[in-house]
Number of protein chains: 2
Amino acid sequence: MSSEFPHAVRRRGLMLVLSSPSGAGKTTISREILAQDANIVMSVSATTRPRRPGEQDGVNYNFTDLTAFNLMVNRRELLEYAKVFDNYYGTPAAPVEVLLSGGRDVLFDIDWQGTQQLAEQARDDLVSVFILPPSMVELGRRLESRAQDSAEVVALRMAKAADEMTHYAEYDYIVINRDVAQSVAQTLAILQAERLRRDRQIGLGEFVKGLRQG
Amino acid sequence: MSSEFPHAVRRRGLMLVLSSPSGAGKTTISREILAQDANIVMSVSATTRPRRPGEQDGVNYNFTDLTAFNLMVNRRELLEYAKVFDNYYGTPAAPVEVLLSGGRDVLFDIDWQGTQQLAEQARDDLVSVFILPPSMVELGRRLESRAQDSAEVVALRMAKAADEMTHYAEYDYIVINRDVAQSVAQTLAILQAERLRRDRQIGLGEFVKGLRQG
């Protein structure tokens with residue numbers, strides 16, 4: 001084997017989980033990451049929730065009925081799932097595995113409960129980032145600026161946010177979202193760095209062996 | 001406490017170790033990292049080697065004599081040390097600790113033996129990156145372009161490089177140096193990401209507590 005063409009080093013994809021209390025800026029950061037990095041795609045959840053106008057089956061969600069959803073749960077075909085109000089949401093494992101095996105990364109916008117389930121099933125593939133607001137006053141401002149909500153709804157969301165934040169300590173990385181552009185750059189740096197971890201690179205042994213024989 | 005001024009989150013510095021076979025581009029990458037990132041400084045080694053013209057004591061090295069060096073070894077004041085030919089080289093622990101405590105990062109350009117010693121003494125502070133050449137032909141070209149060396153010296157260096165590479169598997173991250181600018185960007189991403197690891201951030205518990213009370 002010529003050392004000009006050593007064995008190729010491939011990479012297994014990773015699962016990038018972003019969690020945060022609502023209002024901390026996670027949705028904006030997710031959208032920017034998908035826009036700025038061509039190798040990561042959003043995970044598509046299955047849900048029993050009815051399709052809303054403008055939503056596409058297989059793009060926004062995989063819309064399914066309760067029977068089909070229960071079957072996936074019983075067959076352990078979901079990486080994680082949760083009931084929110086009257087609807088179920090979950091992540092089918094098979095399409096994620098296809099992406100990871102092909103070296104693509106997958107972005108998850110899930111809460112600490114989903115992250116705990118993912119960690120149980122796929123810790124080695126998981127990179128978890130918790131996004132914190134810089135202050136509660138700022139979080140309140142962001143929640144209030146969603147103009148349609150009443151003061152009561154905002155207060156409930158603030159309480160829920162305060163609750164969610166107690167789980168920050170289960171995450172690998174913490175980003176304090178003082179400035180969206182900076183938080184996006186930081187999250188992209190985490191993604192880029194994790195791709196370079198030795199244990200995500202496949203074929204390094206052969207590559208180095210090829211070099212040494214070259 | 002006002003939630004506009006939550007507890008500050010500080011950070012303990014980290015030790016970024018770059019190792020590679022000679023000729024793989026480590027020196028260039030180190031120089032660029034120091035130039036592009038204001039928060040990381042080069043570790044200054046102590047050495048018994050005589051000062052060369054142009055070298056400054058306390059900048060390039062801390063020049064010392066064998067008695068003083070032995071004393072540091074016996075007092076366990078060095079994070080790592082090695083004998084190279086007739087000279088000793090080592091990293092005094094105290095100035096590194098001052099930097100890390102102050103939130104500064106420290107760059108180390110050391111081989112796998114030094115890295116192993118650092119890992120024994122300070123695993124939590126350590127981020128280790130191994131830089132590989134893209135091919136042995138390319139490595140040979142780079143070593144040969146150091147025009148003053150004879151073919152024999154180059155061959156010896158190639159053999160030593162092949163030997164050093166067997167230790168890639170002890171490192172956290174692997175960068176294959178196909179393009180210097182890309183390798184610098186990748187190493188800077190590793191540095192930026194590692195700064196965001198939850199366990200390097202000090203005061204997060206108080207910060208979140210402050211947020212929740214805010």
# chains A, B, ... in the order shown; residues from 1 in each chain; ligands from 1

call {"tool": "interface_residues", "arguments": {"of": "chain B", "to": "chain A", "cutoff": "7 Å", "atoms": "only C-alpha atoms", "output": "PyMOL selection string"}}
result
chain B and resi 3-4+6+135-137+162+165+172-175+186+189-190+192-193+196-198+208+211-212+214

call {"tool": "residues_around", "arguments": {"residues": "Ala38 (chain A)", "least_positions_apart": "2", "cutoff": "12 Å", "atoms": "only C-alpha atoms", "output": "JSON, numbers by chain"}}
result
{"A": [32, 33, 34, 35, 36, 40, 41, 42, 104, 105, 106, 107, 188, 191, 192]}

call {"tool": "closest_residue", "arguments": {"among": "B:Leu99, B:Val153, B:Ile131, B:Met72", "to": "Asp111 (chain B)", "atoms": "only C-alpha atoms"}}
result
B:Ile131

call {"tool": "select_by_dssp", "arguments": {"residues": "region 26-194 of chain B", "states": "strand (DSSP E or B)", "output": "PyMOL selection string"}}
result
chain B and resi 40-42+45-47+57+61-63+78-84+87-92+105-109+126-132+173-176

call {"tool": "atom_distance", "arguments": {"atom1": "CA of Ser45 (chain B)", "atom2": "CA of Asn70 (chain B)"}}
result
14.4 Å

call {"tool": "atom_distance", "arguments": {"atom1": "CA of Tyr61 (chain A)", "atom2": "CA of Tyr89 (chain A)"}}
result
9.1 Å

call {"tool": "decode", "arguments": {"residues": "region 165-181 of chain A", "atoms": "all heavy atoms", "output": "PDB file, in the first residue's frame"}}
result
ATOM      1  N   MET A 165     -34.230  24.074  34.847  1.00  0.00           N
ATOM      2  CA  MET A 165     -32.823  24.441  35.037  1.00  0.00           C
ATOM      3  C   MET A 165     -32.112  23.607  36.081  1.00  0.00           C
ATOM      4  O   MET A 165     -30.889  23.514  36.073  1.00  0.00           O
ATOM      5  CB  MET A 165     -32.719  25.919  35.394  1.00  0.00           C
ATOM      6  CG  MET A 165     -32.800  26.796  34.165  1.00  0.00           C
ATOM      7  SD  MET A 165     -32.393  28.489  34.561  1.00  0.00           S
ATOM      8  CE  MET A 165     -33.855  28.990  35.437  1.00  0.00           C
ATOM      9  N   THR A 166     -32.880  22.996  36.989  1.00  0.00           N
ATOM     10  CA  THR A 166     -32.234  22.181  38.023  1.00  0.00           C
ATOM     11  C   THR A 166     -31.485  20.996  37.422  1.00  0.00           C
ATOM     12  O   THR A 166     -30.670  20.376  38.089  1.00  0.00           O
ATOM     13  CB  THR A 166     -33.263  21.642  39.040  1.00  0.00           C
ATOM     14  OG1 THR A 166     -34.196  20.800  38.346  1.00  0.00           O
ATOM     15  CG2 THR A 166     -34.027  22.777  39.713  1.00  0.00           C
ATOM     16  N   HIS A 167     -31.754  20.696  36.141  1.00  0.00           N
ATOM     17  CA  HIS A 167     -31.112  19.532  35.513  1.00  0.00           C
ATOM     18  C   HIS A 167     -29.847  19.870  34.738  1.00  0.00           C
ATOM     19  O   HIS A 167     -29.301  19.013  34.044  1.00  0.00           O
ATOM     20  CB  HIS A 167     -32.115  18.810  34.614  1.00  0.00           C
ATOM     21  CG  HIS A 167     -33.180  18.114  35.399  1.00  0.00           C
ATOM     22  ND1 HIS A 167     -33.005  16.853  35.923  1.00  0.00           N
ATOM     23  CD2 HIS A 167     -34.409  18.523  35.795  1.00  0.00           C
ATOM     24  CE1 HIS A 167     -34.091  16.508  36.598  1.00  0.00           C
ATOM     25  NE2 HIS A 167     -34.958  17.499  36.541  1.00  0.00           N
ATOM     26  N   TYR A 168     -29.378  21.101  34.841  1.00  0.00           N
ATOM     27  CA  TYR A 168     -28.179  21.505  34.084  1.00  0.00           C
ATOM     28  C   TYR A 168     -27.000  20.566  34.362  1.00  0.00           C
ATOM     29  O   TYR A 168     -26.176  20.315  33.488  1.00  0.00           O
ATOM     30  CB  TYR A 168     -27.786  22.960  34.431  1.00  0.00           C
ATOM     31  CG  TYR A 168     -27.026  23.073  35.722  1.00  0.00           C
ATOM     32  CD1 TYR A 168     -25.633  23.051  35.726  1.00  0.00           C
ATOM     33  CD2 TYR A 168     -27.686  23.137  36.943  1.00  0.00           C
ATOM     34  CE1 TYR A 168     -24.922  23.101  36.922  1.00  0.00           C
ATOM     35  CE2 TYR A 168     -26.997  23.207  38.135  1.00  0.00           C
ATOM     36  CZ  TYR A 168     -25.615  23.177  38.122  1.00  0.00           C
ATOM     37  OH  TYR A 168     -24.934  23.219  39.303  1.00  0.00           O
ATOM     38  N   ALA A 169     -26.938  20.027  35.570  1.00  0.00           N
ATOM     39  CA  ALA A 169     -25.747  19.274  35.986  1.00  0.00           C
ATOM     40  C   ALA A 169     -25.638  17.900  35.338  1.00  0.00           C
ATOM     41  O   ALA A 169     -24.655  17.189  35.528  1.00  0.00           O
ATOM     42  CB  ALA A 169     -25.711  19.147  37.508  1.00  0.00           C
ATOM     43  N   GLU A 170     -26.654  17.523  34.543  1.00  0.00           N
ATOM     44  CA  GLU A 170     -26.597  16.231  33.849  1.00  0.00           C
ATOM     45  C   GLU A 170     -26.003  16.364  32.445  1.00  0.00           C
ATOM     46  O   GLU A 170     -25.917  15.385  31.715  1.00  0.00           O
ATOM     47  CB  GLU A 170     -28.015  15.646  33.759  1.00  0.00           C
ATOM     48  CG  GLU A 170     -28.606  15.343  35.134  1.00  0.00           C
ATOM     49  CD  GLU A 170     -30.133  15.383  35.154  1.00  0.00           C
ATOM     50  OE1 GLU A 170     -30.761  15.075  34.126  1.00  0.00           O
ATOM     51  OE2 GLU A 170     -30.692  15.735  36.221  1.00  0.00           O
ATOM     52  N   TYR A 171     -25.599  17.578  32.093  1.00  0.00           N
ATOM     53  CA  TYR A 171     -25.145  17.834  30.719  1.00  0.00           C
ATOM     54  C   TYR A 171     -23.624  17.951  30.623  1.00  0.00           C
ATOM     55  O   TYR A 171     -22.956  18.316  31.592  1.00  0.00           O
ATOM     56  CB  TYR A 171     -25.829  19.102  30.179  1.00  0.00           C
ATOM     57  CG  TYR A 171     -27.291  18.813  29.875  1.00  0.00           C
ATOM     58  CD1 TYR A 171     -28.221  18.663  30.905  1.00  0.00           C
ATOM     59  CD2 TYR A 171     -27.713  18.611  28.567  1.00  0.00           C
ATOM     60  CE1 TYR A 171     -29.539  18.339  30.632  1.00  0.00           C
ATOM     61  CE2 TYR A 171     -29.027  18.301  28.285  1.00  0.00           C
ATOM     62  CZ  TYR A 171     -29.937  18.158  29.325  1.00  0.00           C
ATOM     63  OH  TYR A 171     -31.236  17.830  29.051  1.00  0.00           O
ATOM     64  N   ASP A 172     -23.097  17.615  29.433  1.00  0.00           N
ATOM     65  CA  ASP A 172     -21.650  17.672  29.213  1.00  0.00           C
ATOM     66  C   ASP A 172     -21.138  19.109  29.149  1.00  0.00           C
ATOM     67  O   ASP A 172     -20.070  19.418  29.666  1.00  0.00           O
ATOM     68  CB  ASP A 172     -21.287  16.993  27.876  1.00  0.00           C
ATOM     69  CG  ASP A 172     -21.710  15.537  27.825  1.00  0.00           C
ATOM     70  OD1 ASP A 172     -21.641  14.867  28.873  1.00  0.00           O
ATOM     71  OD2 ASP A 172     -22.119  15.063  26.745  1.00  0.00           O
ATOM     72  N   TYR A 173     -21.911  19.965  28.475  1.00  0.00           N
ATOM     73  CA  TYR A 173     -21.471  21.340  28.245  1.00  0.00           C
ATOM     74  C   TYR A 173     -22.559  22.315  28.687  1.00  0.00           C
ATOM     75  O   TYR A 173     -23.746  22.003  28.586  1.00  0.00           O
ATOM     76  CB  TYR A 173     -21.205  21.583  26.753  1.00  0.00           C
ATOM     77  CG  TYR A 173     -20.084  20.761  26.164  1.00  0.00           C
ATOM     78  CD1 TYR A 173     -20.324  19.518  25.580  1.00  0.00           C
ATOM     79  CD2 TYR A 173     -18.775  21.233  26.186  1.00  0.00           C
ATOM     80  CE1 TYR A 173     -19.291  18.763  25.034  1.00  0.00           C
ATOM     81  CE2 TYR A 173     -17.732  20.488  25.642  1.00  0.00           C
ATOM     82  CZ  TYR A 173     -17.997  19.257  25.066  1.00  0.00           C
ATOM     83  OH  TYR A 173     -16.973  18.520  24.534  1.00  0.00           O
ATOM     84  N   ILE A 174     -22.139  23.489  29.137  1.00  0.00           N
ATOM     85  CA  ILE A 174     -23.077  24.552  29.503  1.00  0.00           C
ATOM     86  C   ILE A 174     -22.763  25.797  28.682  1.00  0.00           C
ATOM     87  O   ILE A 174     -21.624  26.284  28.682  1.00  0.00           O
ATOM     88  CB  ILE A 174     -22.958  24.915  31.002  1.00  0.00           C
ATOM     89  CG1 ILE A 174     -23.053  23.670  31.889  1.00  0.00           C
ATOM     90  CG2 ILE A 174     -24.003  25.974  31.373  1.00  0.00           C
ATOM     91  CD1 ILE A 174     -24.395  23.025  31.996  1.00  0.00           C
ATOM     92  N   VAL A 175     -23.766  26.304  27.979  1.00  0.00           N
ATOM     93  CA  VAL A 175     -23.629  27.556  27.242  1.00  0.00           C
ATOM     94  C   VAL A 175     -24.576  28.579  27.882  1.00  0.00           C
ATOM     95  O   VAL A 175     -25.780  28.335  27.966  1.00  0.00           O
ATOM     96  CB  VAL A 175     -23.976  27.353  25.743  1.00  0.00           C
ATOM     97  CG1 VAL A 175     -24.118  28.702  25.029  1.00  0.00           C
ATOM     98  CG2 VAL A 175     -22.917  26.492  25.065  1.00  0.00           C
ATOM     99  N   ILE A 176     -24.019  29.677  28.347  1.00  0.00           N
ATOM    100  CA  ILE A 176     -24.856  30.758  28.884  1.00  0.00           C
ATOM    101  C   ILE A 176     -25.130  31.727  27.741  1.00  0.00           C
ATOM    102  O   ILE A 176     -24.212  32.338  27.193  1.00  0.00           O
ATOM    103  CB  ILE A 176     -24.158  31.471  30.067  1.00  0.00           C
ATOM    104  CG1 ILE A 176     -23.893  30.440  31.192  1.00  0.00           C
ATOM    105  CG2 ILE A 176     -25.023  32.617  30.595  1.00  0.00           C
ATOM    106  CD1 ILE A 176     -23.128  30.988  32.381  1.00  0.00           C
ATOM    107  N   ASN A 177     -26.404  31.808  27.359  1.00  0.00           N
ATOM    108  CA  ASN A 177     -26.770  32.532  26.133  1.00  0.00           C
ATOM    109  C   ASN A 177     -26.905  34.038  26.370  1.00  0.00           C
ATOM    110  O   ASN A 177     -28.008  34.575  26.452  1.00  0.00           O
ATOM    111  CB  ASN A 177     -28.070  31.948  25.571  1.00  0.00           C
ATOM    112  CG  ASN A 177     -28.429  32.554  24.226  1.00  0.00           C
ATOM    113  OD1 ASN A 177     -27.581  33.124  23.544  1.00  0.00           O
ATOM    114  ND2 ASN A 177     -29.696  32.415  23.843  1.00  0.00           N
ATOM    115  N   ARG A 178     -25.751  34.706  26.432  1.00  0.00           N
ATOM    116  CA  ARG A 178     -25.749  36.168  26.584  1.00  0.00           C
ATOM    117  C   ARG A 178     -25.968  36.841  25.237  1.00  0.00           C
ATOM    118  O   ARG A 178     -26.542  37.910  25.144  1.00  0.00           O
ATOM    119  CB  ARG A 178     -24.413  36.638  27.178  1.00  0.00           C
ATOM    120  CG  ARG A 178     -24.174  36.097  28.578  1.00  0.00           C
ATOM    121  CD  ARG A 178     -22.959  36.767  29.224  1.00  0.00           C
ATOM    122  NE  ARG A 178     -22.842  36.314  30.608  1.00  0.00           N
ATOM    123  CZ  ARG A 178     -22.214  35.204  30.983  1.00  0.00           C
ATOM    124  NH1 ARG A 178     -21.628  34.453  30.080  1.00  0.00           N
ATOM    125  NH2 ARG A 178     -22.162  34.848  32.244  1.00  0.00           N
ATOM    126  N   ASP A 179     -25.440  36.185  24.189  1.00  0.00           N
ATOM    127  CA  ASP A 179     -25.473  36.749  22.843  1.00  0.00           C
ATOM    128  C   ASP A 179     -25.663  35.583  21.878  1.00  0.00           C
ATOM    129  O   ASP A 179     -24.900  34.607  21.917  1.00  0.00           O
ATOM    130  CB  ASP A 179     -24.138  37.460  22.583  1.00  0.00           C
ATOM    131  CG  ASP A 179     -23.974  37.865  21.137  1.00  0.00           C
ATOM    132  OD1 ASP A 179     -24.522  38.913  20.768  1.00  0.00           O
ATOM    133  OD2 ASP A 179     -23.327  37.121  20.373  1.00  0.00           O
ATOM    134  N   VAL A 180     -26.703  35.668  21.037  1.00  0.00           N
ATOM    135  CA  VAL A 180     -27.038  34.506  20.201  1.00  0.00           C
ATOM    136  C   VAL A 180     -25.885  34.110  19.290  1.00  0.00           C
ATOM    137  O   VAL A 180     -25.543  32.925  19.189  1.00  0.00           O
ATOM    138  CB  VAL A 180     -28.318  34.761  19.375  1.00  0.00           C
ATOM    139  CG1 VAL A 180     -28.547  33.628  18.384  1.00  0.00           C
ATOM    140  CG2 VAL A 180     -29.524  34.864  20.282  1.00  0.00           C
ATOM    141  N   ALA A 181     -25.265  35.079  18.621  1.00  0.00           N
ATOM    142  CA  ALA A 181     -24.187  34.754  17.678  1.00  0.00           C
ATOM    143  C   ALA A 181     -23.047  34.032  18.394  1.00  0.00           C
ATOM    144  O   ALA A 181     -22.488  33.051  17.878  1.00  0.00           O
ATOM    145  CB  ALA A 181     -23.676  36.022  17.002  1.00  0.00           C
TER     146      ALA A 181
END
